[in-house]
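Engineer: File name target_8.cif; file contents mmCIF, C-alpha atoms; full text below.
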data_protein
loop_
_atom_site.group_PDB
_atom_site.id
_atom_site.type_symbol
_atom_site.label_atom_id
_atom_site.label_comp_id
_atom_site.auth_asym_id
_atom_site.auth_seq_id
_atom_site.Cartn_x
_atom_site.Cartn_y
_atom_site.Cartn_z
ATOM 1 C CA MET N 395 52.934 -93.245 -80.703
ATOM 2 C CA SER N 396 51.215 -95.042 -77.853
ATOM 3 C CA GLY N 397 52.042 -94.526 -74.227
ATOM 4 C CA ASN N 398 50.662 -93.648 -70.840
ATOM 5 C CA VAL N 399 52.280 -90.484 -69.555
ATOM 6 C CA VAL N 400 50.056 -89.120 -66.799
ATOM 7 C CA GLY N 401 47.904 -86.355 -68.300
ATOM 8 C CA ILE N 402 50.027 -85.996 -71.449
ATOM 9 C CA ASP N 403 49.424 -87.223 -75.009
ATOM 10 C CA LEU N 404 52.512 -88.481 -76.832
ATOM 11 C CA LEU N 405 51.961 -87.570 -80.452
ATOM 12 C CA TYR N 406 55.157 -88.703 -82.151
ATOM 13 C CA GLU N 407 58.296 -90.717 -81.469
ATOM 14 C CA GLN N 408 61.015 -91.565 -83.952
ATOM 15 C CA GLY N 409 64.501 -92.372 -82.734
ATOM 16 C CA PRO N 410 65.619 -89.762 -80.195
ATOM 17 C CA CYS N 411 62.852 -87.276 -81.096
ATOM 18 C CA LEU N 412 59.478 -87.023 -79.351
ATOM 19 C CA VAL N 413 56.561 -84.604 -79.629
ATOM 20 C CA VAL N 414 54.033 -84.332 -76.812
ATOM 21 C CA ASN N 415 50.827 -82.360 -76.328
ATOM 22 C CA LYS N 416 51.554 -80.331 -73.204
ATOM 23 C CA PRO N 417 48.466 -79.714 -71.060
ATOM 24 C CA SER N 418 47.847 -76.260 -69.668
ATOM 25 C CA GLY N 419 48.565 -75.689 -65.990
ATOM 26 C CA LEU N 420 51.710 -77.830 -66.071
ATOM 27 C CA LEU N 421 55.232 -76.423 -65.986
ATOM 28 C CA THR N 422 57.468 -77.468 -68.872
ATOM 29 C CA GLN N 423 60.446 -77.792 -66.521
ATOM 30 C CA ALA N 424 60.876 -77.421 -62.778
ATOM 31 C CA PRO N 425 63.376 -78.113 -60.002
ATOM 32 C CA PRO N 426 63.476 -81.693 -58.624
ATOM 33 C CA GLY N 427 60.423 -82.561 -56.575
ATOM 34 C CA ILE N 428 58.071 -80.197 -58.428
ATOM 35 C CA ASP N 429 55.648 -81.623 -60.975
ATOM 36 C CA SER N 430 56.520 -80.839 -64.595
ATOM 37 C CA LEU N 431 56.121 -82.194 -68.090
ATOM 38 C CA GLU N 432 59.827 -83.018 -68.182
ATOM 39 C CA SER N 433 59.680 -85.106 -64.998
ATOM 40 C CA ARG N 434 56.537 -86.978 -66.089
ATOM 41 C CA VAL N 435 57.982 -87.911 -69.475
ATOM 42 C CA LYS N 436 61.272 -88.980 -67.880
ATOM 43 C CA GLU N 437 59.451 -91.286 -65.469
ATOM 44 C CA PHE N 438 57.377 -92.741 -68.303
ATOM 45 C CA LEU N 439 60.426 -93.443 -70.468
ATOM 46 C CA LYS N 440 62.359 -94.872 -67.553
ATOM 47 C CA ALA N 441 59.548 -97.309 -66.744
ATOM 48 C CA ARG N 442 58.714 -98.205 -70.351
ATOM 49 C CA ASP N 443 62.315 -98.787 -71.387
ATOM 50 C CA GLN N 444 63.259 -100.394 -68.063
ATOM 51 C CA LYS N 445 66.108 -97.967 -67.494
ATOM 52 C CA THR N 446 67.973 -97.554 -64.236
ATOM 53 C CA GLY N 447 69.672 -94.408 -63.035
ATOM 54 C CA ASN N 448 69.299 -90.994 -64.612
ATOM 55 C CA ILE N 449 67.707 -90.523 -68.017
ATOM 56 C CA TYR N 450 68.510 -87.668 -70.406
ATOM 57 C CA LEU N 451 65.665 -85.628 -71.859
ATOM 58 C CA GLY N 452 66.518 -82.463 -73.771
ATOM 59 C CA VAL N 453 63.969 -79.627 -73.797
ATOM 60 C CA PRO N 454 64.919 -77.315 -76.700
ATOM 61 C CA HIS N 455 61.901 -75.023 -76.222
ATOM 62 C CA ARG N 456 59.186 -74.341 -73.665
ATOM 63 C CA LEU N 457 55.544 -73.448 -73.437
ATOM 64 C CA ASP N 458 54.264 -71.145 -70.692
ATOM 65 C CA ARG N 459 52.495 -72.890 -67.824
ATOM 66 C CA PRO N 460 48.938 -71.827 -68.846
ATOM 67 C CA VAL N 461 49.510 -72.713 -72.521
ATOM 68 C CA SER N 462 48.802 -76.086 -74.133
ATOM 69 C CA GLY N 463 50.116 -77.644 -77.310
ATOM 70 C CA ALA N 464 52.955 -79.255 -79.224
ATOM 71 C CA LEU N 465 56.360 -79.528 -77.552
ATOM 72 C CA ILE N 466 59.462 -81.250 -78.967
ATOM 73 C CA LEU N 467 61.752 -83.303 -76.713
ATOM 74 C CA ALA N 468 65.017 -85.098 -77.430
ATOM 75 C CA ARG N 469 66.542 -88.275 -76.010
ATOM 76 C CA HIS N 470 70.195 -87.293 -76.461
ATOM 77 C CA VAL N 471 72.381 -84.180 -76.586
ATOM 78 C CA ARG N 472 73.120 -84.192 -80.324
ATOM 79 C CA ALA N 473 69.437 -84.387 -81.242
ATOM 80 C CA CYS N 474 68.605 -81.608 -78.788
ATOM 81 C CA ARG N 475 71.331 -79.371 -80.223
ATOM 82 C CA ARG N 476 70.126 -79.896 -83.795
ATOM 83 C CA ILE N 477 66.551 -79.084 -82.857
ATOM 84 C CA SER N 478 67.710 -75.993 -80.964
ATOM 85 C CA GLU N 479 69.577 -74.865 -84.083
ATOM 86 C CA GLN N 480 66.313 -75.010 -86.032
ATOM 87 C CA PHE N 481 64.694 -72.726 -83.473
ATOM 88 C CA SER N 482 67.565 -70.246 -83.458
ATOM 89 C CA GLY N 483 67.869 -70.378 -87.262
ATOM 90 C CA ARG N 484 64.103 -69.878 -87.681
ATOM 91 C CA THR N 485 63.829 -72.890 -89.966
ATOM 92 C CA LEU N 486 61.206 -74.516 -87.749
ATOM 93 C CA ARG N 487 57.559 -73.524 -88.250
ATOM 94 C CA LYS N 488 55.405 -72.844 -85.177
ATOM 95 C CA VAL N 489 51.688 -72.092 -85.439
ATOM 96 C CA TYR N 490 49.443 -71.198 -82.498
ATOM 97 C CA TRP N 491 45.693 -70.788 -82.119
ATOM 98 C CA ALA N 492 44.191 -68.296 -79.716
ATOM 99 C CA VAL N 493 40.880 -66.680 -78.853
ATOM 100 C CA VAL N 494 41.283 -63.069 -77.812
ATOM 101 C CA GLU N 495 38.932 -60.505 -76.330
ATOM 102 C CA GLY N 496 37.301 -58.232 -78.909
ATOM 103 C CA ARG N 497 37.299 -58.179 -82.701
ATOM 104 C CA VAL N 498 40.737 -57.831 -84.255
ATOM 105 C CA THR N 499 41.155 -55.510 -87.236
ATOM 106 C CA PRO N 500 42.471 -55.832 -89.815
ATOM 107 C CA ARG N 501 41.639 -59.532 -90.033
ATOM 108 C CA GLU N 502 45.212 -60.453 -90.883
ATOM 109 C CA GLY N 503 48.593 -58.815 -90.757
ATOM 110 C CA VAL N 504 51.960 -58.539 -89.068
ATOM 111 C CA TRP N 505 52.673 -57.395 -85.520
ATOM 112 C CA GLU N 506 56.119 -55.954 -84.971
ATOM 113 C CA ASP N 507 57.321 -54.609 -81.628
ATOM 114 C CA ALA N 508 60.375 -54.231 -79.478
ATOM 115 C CA MET N 509 60.012 -56.001 -76.154
ATOM 116 C CA ARG N 510 62.116 -57.004 -73.210
ATOM 117 C CA LYS N 511 61.932 -59.168 -70.130
ATOM 118 C CA ILE N 512 61.419 -56.968 -67.067
ATOM 119 C CA PRO N 513 64.450 -57.492 -64.793
ATOM 120 C CA GLY N 514 63.601 -59.549 -61.732
ATOM 121 C CA GLN N 515 60.106 -60.386 -62.978
ATOM 122 C CA ALA N 516 58.632 -63.245 -64.996
ATOM 123 C CA ARG N 517 56.938 -60.950 -67.488
ATOM 124 C CA GLY N 518 57.690 -58.908 -70.571
ATOM 125 C CA GLU N 519 56.862 -55.399 -71.730
ATOM 126 C CA ILE N 520 56.742 -53.436 -74.968
ATOM 127 C CA VAL N 521 59.518 -50.823 -75.105
ATOM 128 C CA PRO N 522 61.073 -48.405 -77.641
ATOM 129 C CA SER N 523 63.444 -50.141 -80.034
ATOM 130 C CA ASP N 524 66.443 -48.304 -78.545
ATOM 131 C CA HIS N 525 65.576 -49.286 -74.978
ATOM 132 C CA GLU N 526 68.205 -51.254 -73.089
ATOM 133 C CA GLY N 527 67.477 -54.961 -73.472
ATOM 134 C CA ALA N 528 64.965 -54.442 -76.290
ATOM 135 C CA ARG N 529 64.646 -57.306 -78.762
ATOM 136 C CA GLU N 530 62.655 -57.624 -81.960
ATOM 137 C CA ALA N 531 59.305 -59.406 -81.669
ATOM 138 C CA ARG N 532 57.568 -60.269 -84.918
ATOM 139 C CA LEU N 533 54.648 -62.535 -85.831
ATOM 140 C CA THR N 534 52.004 -62.883 -88.486
ATOM 141 C CA TYR N 535 48.356 -63.496 -87.727
ATOM 142 C CA ARG N 536 45.104 -64.196 -89.512
ATOM 143 C CA THR N 537 41.526 -64.419 -88.305
ATOM 144 C CA LEU N 538 40.028 -67.897 -88.540
ATOM 145 C CA GLY N 539 36.610 -66.904 -87.210
ATOM 146 C CA GLU N 540 34.688 -65.113 -84.507
ATOM 147 C CA THR N 541 33.335 -66.371 -81.199
ATOM 148 C CA PRO N 542 30.896 -64.712 -78.777
ATOM 149 C CA TYR N 543 33.964 -63.649 -76.799
ATOM 150 C CA GLY N 544 36.194 -62.277 -79.554
ATOM 151 C CA SER N 545 38.343 -63.253 -82.514
ATOM 152 C CA TRP N 546 39.731 -66.717 -83.132
ATOM 153 C CA LEU N 547 43.236 -66.161 -84.449
ATOM 154 C CA GLU N 548 46.089 -68.152 -85.923
ATOM 155 C CA PHE N 549 49.586 -66.897 -85.122
ATOM 156 C CA GLU N 550 52.865 -67.842 -86.742
ATOM 157 C CA LEU N 551 55.922 -66.796 -84.774
ATOM 158 C CA GLU N 552 58.961 -65.432 -86.547
ATOM 159 C CA THR N 553 60.760 -64.707 -83.266
ATOM 160 C CA GLY N 554 60.462 -66.447 -79.917
ATOM 161 C CA ARG N 555 60.348 -63.961 -77.053
ATOM 162 C CA MET N 556 59.060 -64.635 -73.554
ATOM 163 C CA HIS N 557 55.241 -64.326 -73.518
ATOM 164 C CA GLN N 558 55.446 -62.871 -77.043
ATOM 165 C CA ILE N 559 51.964 -63.682 -78.349
ATOM 166 C CA ARG N 560 50.365 -62.912 -74.993
ATOM 167 C CA LEU N 561 52.055 -59.528 -74.707
ATOM 168 C CA GLN N 562 51.682 -58.422 -78.316
ATOM 169 C CA ALA N 563 47.959 -59.267 -78.303
ATOM 170 C CA ALA N 564 47.322 -57.595 -74.941
ATOM 171 C CA SER N 565 49.226 -54.453 -75.938
ATOM 172 C CA ARG N 566 46.747 -53.992 -78.807
ATOM 173 C CA GLY N 567 43.730 -54.281 -76.518
ATOM 174 C CA HIS N 568 43.077 -57.952 -77.290
ATOM 175 C CA PRO N 569 44.339 -60.057 -74.367
ATOM 176 C CA ILE N 570 43.987 -63.802 -74.701
ATOM 177 C CA LEU N 571 40.975 -65.208 -72.862
ATOM 178 C CA GLY N 572 41.903 -66.279 -69.351
ATOM 179 C CA ASP N 573 45.196 -64.370 -69.369
ATOM 180 C CA ALA N 574 44.541 -62.141 -66.346
ATOM 181 C CA PHE N 575 48.317 -61.726 -66.038
ATOM 182 C CA TYR N 576 48.146 -59.466 -69.110
ATOM 183 C CA GLY N 577 44.780 -57.872 -68.444
ATOM 184 C CA ALA N 578 42.146 -60.351 -69.656
ATOM 185 C CA GLU N 579 38.738 -59.951 -68.057
ATOM 186 C CA LEU N 580 37.077 -63.045 -69.522
ATOM 187 C CA PRO N 581 37.884 -66.504 -68.071
ATOM 188 C CA PHE N 582 38.810 -69.654 -69.948
ATOM 189 C CA GLY N 583 38.542 -73.281 -68.882
ATOM 190 C CA THR N 584 38.215 -74.513 -65.323
ATOM 191 C CA LEU N 585 38.559 -71.793 -62.671
ATOM 192 C CA TYR N 586 40.772 -73.698 -60.253
ATOM 193 C CA SER N 587 41.205 -72.142 -56.811
ATOM 194 C CA ASP N 588 44.945 -72.432 -57.428
ATOM 195 C CA GLU N 589 45.409 -69.847 -60.183
ATOM 196 C CA ARG N 590 48.631 -71.529 -61.308
ATOM 197 C CA LEU N 591 46.548 -74.396 -62.705
ATOM 198 C CA ARG N 592 44.326 -72.184 -64.850
ATOM 199 C CA SER N 593 44.420 -72.165 -68.649
ATOM 200 C CA ILE N 594 44.520 -69.430 -71.228
ATOM 201 C CA ALA N 595 43.078 -69.769 -74.733
ATOM 202 C CA LEU N 596 46.459 -70.210 -76.424
ATOM 203 C CA HIS N 597 47.408 -73.546 -77.983
ATOM 204 C CA GLY N 598 50.469 -74.697 -79.924
ATOM 205 C CA ARG N 599 48.484 -76.105 -82.849
ATOM 206 C CA PHE N 600 51.132 -77.063 -85.410
ATOM 207 C CA LEU N 601 54.861 -77.789 -85.647
ATOM 208 C CA SER N 602 56.926 -78.459 -88.747
ATOM 209 C CA PHE N 603 60.614 -79.331 -88.381
ATOM 210 C CA ARG N 604 63.388 -81.559 -89.697
ATOM 211 C CA HIS N 605 64.035 -84.738 -87.772
ATOM 212 C CA PRO N 606 67.384 -84.119 -86.044
ATOM 213 C CA MET N 607 68.956 -87.344 -87.304
ATOM 214 C CA SER N 608 67.260 -88.253 -90.604
ATOM 215 C CA SER N 609 66.468 -84.690 -91.754
ATOM 216 C CA GLU N 610 63.019 -85.874 -92.840
ATOM 217 C CA ARG N 611 60.275 -83.272 -92.542
ATOM 218 C CA VAL N 612 57.990 -83.874 -89.552
ATOM 219 C CA GLU N 613 54.605 -82.151 -89.337
ATOM 220 C CA ILE N 614 52.479 -82.403 -86.206
ATOM 221 C CA GLU N 615 48.962 -81.025 -85.745
ATOM 222 C CA THR N 616 48.001 -81.014 -82.092
ATOM 223 C CA PRO N 617 44.427 -81.721 -80.877
ATOM 224 C CA LEU N 618 42.725 -78.971 -78.890
ATOM 225 C CA THR N 619 42.009 -79.419 -75.197
ATOM 226 C CA ALA N 620 38.474 -79.949 -73.880
ATOM 227 C CA ALA N 621 38.269 -76.321 -72.739
ATOM 228 C CA TRP N 622 38.082 -75.240 -76.399
ATOM 229 C CA ASP N 623 34.714 -77.017 -76.746
ATOM 230 C CA ALA N 624 33.123 -73.908 -75.214
ATOM 231 C CA PHE N 625 33.806 -71.967 -78.422
ATOM 232 C CA ASP N 626 31.815 -74.341 -80.664
ATOM 233 C CA LEU N 627 34.280 -73.870 -83.502
ATOM 234 C CA PRO N 628 33.291 -75.108 -86.994
ATOM 235 C CA SER N 629 34.246 -78.779 -87.243
ATOM 236 C CA GLU N 630 35.393 -78.422 -90.856
ATOM 237 C CA GLN N 631 38.151 -76.065 -89.687
ATOM 238 C CA LEU N 632 39.422 -78.278 -86.858
#
Output the file's structure as structure tokens, nothing else.

Structural biologist:
Amino acid sequence: MSGNVVGIDLLYEQGPCLVVNKPSGLLTQAPPGIDSLESRVKEFLKARDQKTGNIYLGVPHRLDRPVSGALILARHVRACRRISEQFSGRTLRKVYWAVVEGRVTPREGVWEDAMRKIPGQARGEIVPSDHEGAREARLTYRTLGETPYGSWLEFELETGRMHQIRLQAASRGHPILGDAFYGAELPFGTLYSDERLRSIALHGRFLSFRHPMSSERVEIETPLTAAWDAFDLPSEQL
């Protein structure tokens, strides 16, 4: 799909379904008057389609502010609901790439934890499975390669908890590069004076889902941001 959303690549549009490449440092959603991916895409669609008044844009999932990658959006309520059902039913495939501090062993496996959102804070923690508010967090990972900074990993989420990949990696001594919020010591990308604009080395690389209206399988591979050039990853694997 072609388009000119400020700072955002539109990767796919078919009927009421869109997929965009969210840049890091940008909120997925925000209150009116605060910059966000949602507000930018709404303004683009409103101008392109010459709409007046309010425009609906469903956001069935989010990416954390410092994370980049594929994000699905919907132009009407029914499409948004059907996409949301794929997330809740775990029929939608989500794959992330990350570079973490240190060498991960074994090179592939499953991480299973119980985690919860800390009340009153925008962060999660690992807790015993019988802890109040504990929810299952499960993902699979495999090592794609090594960088001078640590392992280059591919994650596939089976559950979708707040900060799940970030927290599960950090709890094993392998925080994602740039993720000082969860203990990373190594930086990633541009070190903006406003820390809210900084990136972490976590990218939503691939999405596979059923189109909410046609049920056709959609597969989107999302280009990496320029910050990933620092890793000099093998071109045959990109």

Engineer: Apply the PyMOL selection byres ((chain N and resi 415-432) around 8) to the file shown and report the selected residues as an MDAnalysis selection string.

Structural biologist: chainID N and resid 401:405 413:414 433:436 451 453 456:465 590:594 616:617 619

Engineer: Could you build a table of the residues in region 397-440 of chain N lying no more than 12 Å from region 476-495 of chain N, giving for each the nearest pair of atoms and their separation in Å rounded to one decimal place, using all atoms listed in the file, ordered by chain and ascending residue number, as CSV?

Structural biologist:
residue,atom,partner,partner_atom,distance
N:Pro410,CA,N:Ile477,CA,11.0
N:Cys411,CA,N:Ile477,CA,9.2
N:Leu412,CA,N:Ile477,CA,11.2
N:Val413,CA,N:Ile477,CA,11.9

Engineer: Rounded to one decimal in Å, what is the spacing between CA of Glu550 (chain N) and CA of Gly496 (chain N)?

Structural biologist: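 Separating CA of Glu550 (chain N) from CA of Gly496 (chain N) is a distance of 19.9 Å.
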
Engineer: Take every atom of region 576-591 of chain N listed in the file, pad by 6 Å on each side, and give me the axis-aligned box centre and edge lengths in Å, one decimal, as AutoDock Vina command-line options.

Structural biologist:
--center_x 42.9 --center_y -66.2 --center_z -63.4 --size_x 23.6 --size_y 28.6 --size_z 25.1

Engineer: So which residues get picked by the PyMOL selection byres ((chain N and resi 528) around 10) here, written as JSON, numbers by chain?

Structural biologist: {"N": [507, 508, 509, 510, 511, 519, 520, 521, 522, 523, 524, 525, 526, 527, 529, 530, 531]}

Engineer: Rebuild region 593-629 of chain N so that it carries N, CA and C atoms, then output the result as a PDB file, in the frame of the given file.

Structural biologist:
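Ended up saving to rebuild.pdb:
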ATOM      1  N   SER N 593      44.032 -72.191 -67.237  1.00  0.00           N
ATOM      2  CA  SER N 593      44.420 -72.165 -68.649  1.00  0.00           C
ATOM      3  C   SER N 593      44.203 -70.786 -69.245  1.00  0.00           C
ATOM      4  N   ILE N 594      44.880 -70.537 -70.360  1.00  0.00           N
ATOM      5  CA  ILE N 594      44.520 -69.430 -71.228  1.00  0.00           C
ATOM      6  C   ILE N 594      44.237 -70.010 -72.616  1.00  0.00           C
ATOM      7  N   ALA N 595      43.516 -69.257 -73.425  1.00  0.00           N
ATOM      8  CA  ALA N 595      43.078 -69.769 -74.733  1.00  0.00           C
ATOM      9  C   ALA N 595      44.175 -69.593 -75.773  1.00  0.00           C
ATOM     10  N   LEU N 596      45.319 -70.218 -75.506  1.00  0.00           N
ATOM     11  CA  LEU N 596      46.459 -70.210 -76.424  1.00  0.00           C
ATOM     12  C   LEU N 596      46.981 -71.634 -76.528  1.00  0.00           C
ATOM     13  N   HIS N 597      47.093 -72.137 -77.754  1.00  0.00           N
ATOM     14  CA  HIS N 597      47.408 -73.546 -77.983  1.00  0.00           C
ATOM     15  C   HIS N 597      48.410 -73.678 -79.123  1.00  0.00           C
ATOM     16  N   GLY N 598      49.498 -74.406 -78.876  1.00  0.00           N
ATOM     17  CA  GLY N 598      50.469 -74.697 -79.924  1.00  0.00           C
ATOM     18  C   GLY N 598      49.880 -75.723 -80.878  1.00  0.00           C
ATOM     19  N   ARG N 599      49.298 -75.262 -81.980  1.00  0.00           N
ATOM     20  CA  ARG N 599      48.484 -76.105 -82.849  1.00  0.00           C
ATOM     21  C   ARG N 599      49.301 -76.944 -83.822  1.00  0.00           C
ATOM     22  N   PHE N 600      50.431 -76.393 -84.314  1.00  0.00           N
ATOM     23  CA  PHE N 600      51.132 -77.063 -85.410  1.00  0.00           C
ATOM     24  C   PHE N 600      52.631 -76.829 -85.301  1.00  0.00           C
ATOM     25  N   LEU N 601      53.406 -77.875 -85.577  1.00  0.00           N
ATOM     26  CA  LEU N 601      54.861 -77.789 -85.647  1.00  0.00           C
ATOM     27  C   LEU N 601      55.338 -78.472 -86.915  1.00  0.00           C
ATOM     28  N   SER N 602      56.286 -77.853 -87.590  1.00  0.00           N
ATOM     29  CA  SER N 602      56.926 -78.459 -88.747  1.00  0.00           C
ATOM     30  C   SER N 602      58.429 -78.282 -88.583  1.00  0.00           C
ATOM     31  N   PHE N 603      59.173 -79.396 -88.615  1.00  0.00           N
ATOM     32  CA  PHE N 603      60.614 -79.331 -88.381  1.00  0.00           C
ATOM     33  C   PHE N 603      61.289 -80.510 -89.084  1.00  0.00           C
ATOM     34  N   ARG N 604      62.602 -80.457 -89.157  1.00  0.00           N
ATOM     35  CA  ARG N 604      63.388 -81.559 -89.697  1.00  0.00           C
ATOM     36  C   ARG N 604      63.794 -82.494 -88.560  1.00  0.00           C
ATOM     37  N   HIS N 605      63.591 -83.788 -88.788  1.00  0.00           N
ATOM     38  CA  HIS N 605      64.035 -84.738 -87.772  1.00  0.00           C
ATOM     39  C   HIS N 605      65.534 -84.542 -87.557  1.00  0.00           C
ATOM     40  N   PRO N 606      65.979 -84.477 -86.305  1.00  0.00           N
ATOM     41  CA  PRO N 606      67.384 -84.119 -86.044  1.00  0.00           C
ATOM     42  C   PRO N 606      68.409 -85.118 -86.554  1.00  0.00           C
ATOM     43  N   MET N 607      68.003 -86.346 -86.845  1.00  0.00           N
ATOM     44  CA  MET N 607      68.956 -87.344 -87.304  1.00  0.00           C
ATOM     45  C   MET N 607      68.755 -87.690 -88.784  1.00  0.00           C
ATOM     46  N   SER N 608      67.530 -87.844 -89.222  1.00  0.00           N
ATOM     47  CA  SER N 608      67.260 -88.253 -90.604  1.00  0.00           C
ATOM     48  C   SER N 608      67.045 -87.079 -91.547  1.00  0.00           C
ATOM     49  N   SER N 609      66.777 -85.907 -90.992  1.00  0.00           N
ATOM     50  CA  SER N 609      66.468 -84.690 -91.754  1.00  0.00           C
ATOM     51  C   SER N 609      65.131 -84.767 -92.488  1.00  0.00           C
ATOM     52  N   GLU N 610      64.348 -85.797 -92.236  1.00  0.00           N
ATOM     53  CA  GLU N 610      63.019 -85.874 -92.840  1.00  0.00           C
ATOM     54  C   GLU N 610      62.114 -84.819 -92.219  1.00  0.00           C
ATOM     55  N   ARG N 611      61.210 -84.268 -93.041  1.00  0.00           N
ATOM     56  CA  ARG N 611      60.275 -83.272 -92.542  1.00  0.00           C
ATOM     57  C   ARG N 611      59.213 -83.941 -91.668  1.00  0.00           C
ATOM     58  N   VAL N 612      59.008 -83.394 -90.483  1.00  0.00           N
ATOM     59  CA  VAL N 612      57.990 -83.874 -89.552  1.00  0.00           C
ATOM     60  C   VAL N 612      56.957 -82.773 -89.388  1.00  0.00           C
ATOM     61  N   GLU N 613      55.678 -83.112 -89.525  1.00  0.00           N
ATOM     62  CA  GLU N 613      54.605 -82.151 -89.337  1.00  0.00           C
ATOM     63  C   GLU N 613      53.606 -82.715 -88.336  1.00  0.00           C
ATOM     64  N   ILE N 614      53.349 -81.952 -87.289  1.00  0.00           N
ATOM     65  CA  ILE N 614      52.479 -82.403 -86.206  1.00  0.00           C
ATOM     66  C   ILE N 614      51.368 -81.387 -86.004  1.00  0.00           C
ATOM     67  N   GLU N 615      50.123 -81.845 -86.087  1.00  0.00           N
ATOM     68  CA  GLU N 615      48.962 -81.025 -85.745  1.00  0.00           C
ATOM     69  C   GLU N 615      48.419 -81.524 -84.411  1.00  0.00           C
ATOM     70  N   THR N 616      48.279 -80.632 -83.471  1.00  0.00           N
ATOM     71  CA  THR N 616      48.001 -81.014 -82.092  1.00  0.00           C
ATOM     72  C   THR N 616      46.531 -80.820 -81.744  1.00  0.00           C
ATOM     73  N   PRO N 617      45.844 -81.860 -81.249  1.00  0.00           N
ATOM     74  CA  PRO N 617      44.427 -81.721 -80.877  1.00  0.00           C
ATOM     75  C   PRO N 617      44.222 -80.653 -79.812  1.00  0.00           C
ATOM     76  N   LEU N 618      43.084 -79.969 -79.891  1.00  0.00           N
ATOM     77  CA  LEU N 618      42.725 -78.971 -78.890  1.00  0.00           C
ATOM     78  C   LEU N 618      42.320 -79.642 -77.590  1.00  0.00           C
ATOM     79  N   THR N 619      42.443 -78.909 -76.501  1.00  0.00           N
ATOM     80  CA  THR N 619      42.009 -79.419 -75.197  1.00  0.00           C
ATOM     81  C   THR N 619      40.491 -79.278 -75.070  1.00  0.00           C
ATOM     82  N   ALA N 620      39.928 -79.952 -74.067  1.00  0.00           N
ATOM     83  CA  ALA N 620      38.474 -79.949 -73.880  1.00  0.00           C
ATOM     84  C   ALA N 620      37.931 -78.551 -73.618  1.00  0.00           C
ATOM     85  N   ALA N 621      38.738 -77.677 -73.043  1.00  0.00           N
ATOM     86  CA  ALA N 621      38.269 -76.321 -72.739  1.00  0.00           C
ATOM     87  C   ALA N 621      37.842 -75.567 -73.989  1.00  0.00           C
ATOM     88  N   TRP N 622      38.427 -75.915 -75.153  1.00  0.00           N
ATOM     89  CA  TRP N 622      38.082 -75.240 -76.399  1.00  0.00           C
ATOM     90  C   TRP N 622      36.688 -75.587 -76.893  1.00  0.00           C
ATOM     91  N   ASP N 623      36.067 -76.637 -76.334  1.00  0.00           N
ATOM     92  CA  ASP N 623      34.714 -77.017 -76.746  1.00  0.00           C
ATOM     93  C   ASP N 623      33.718 -75.884 -76.499  1.00  0.00           C
ATOM     94  N   ALA N 624      34.030 -75.003 -75.548  1.00  0.00           N
ATOM     95  CA  ALA N 624      33.123 -73.908 -75.214  1.00  0.00           C
ATOM     96  C   ALA N 624      32.945 -72.933 -76.371  1.00  0.00           C
ATOM     97  N   PHE N 625      33.883 -72.914 -77.311  1.00  0.00           N
ATOM     98  CA  PHE N 625      33.806 -71.967 -78.422  1.00  0.00           C
ATOM     99  C   PHE N 625      32.949 -72.468 -79.568  1.00  0.00           C
ATOM    100  N   ASP N 626      32.640 -73.768 -79.606  1.00  0.00           N
ATOM    101  CA  ASP N 626      31.815 -74.341 -80.664  1.00  0.00           C
ATOM    102  C   ASP N 626      32.347 -73.962 -82.040  1.00  0.00           C
ATOM    103  N   LEU N 627      33.634 -74.228 -82.249  1.00  0.00           N
ATOM    104  CA  LEU N 627      34.280 -73.870 -83.502  1.00  0.00           C
ATOM    105  C   LEU N 627      33.796 -74.788 -84.632  1.00  0.00           C
ATOM    106  N   PRO N 628      33.763 -74.287 -85.862  1.00  0.00           N
ATOM    107  CA  PRO N 628      33.291 -75.108 -86.994  1.00  0.00           C
ATOM    108  C   PRO N 628      34.144 -76.367 -87.156  1.00  0.00           C
ATOM    109  N   SER N 629      33.516 -77.525 -87.198  1.00  0.00           N
ATOM    110  CA  SER N 629      34.246 -78.779 -87.243  1.00  0.00           C
ATOM    111  C   SER N 629      35.073 -78.910 -88.512  1.00  0.00           C
TER     112      SER N 629
END
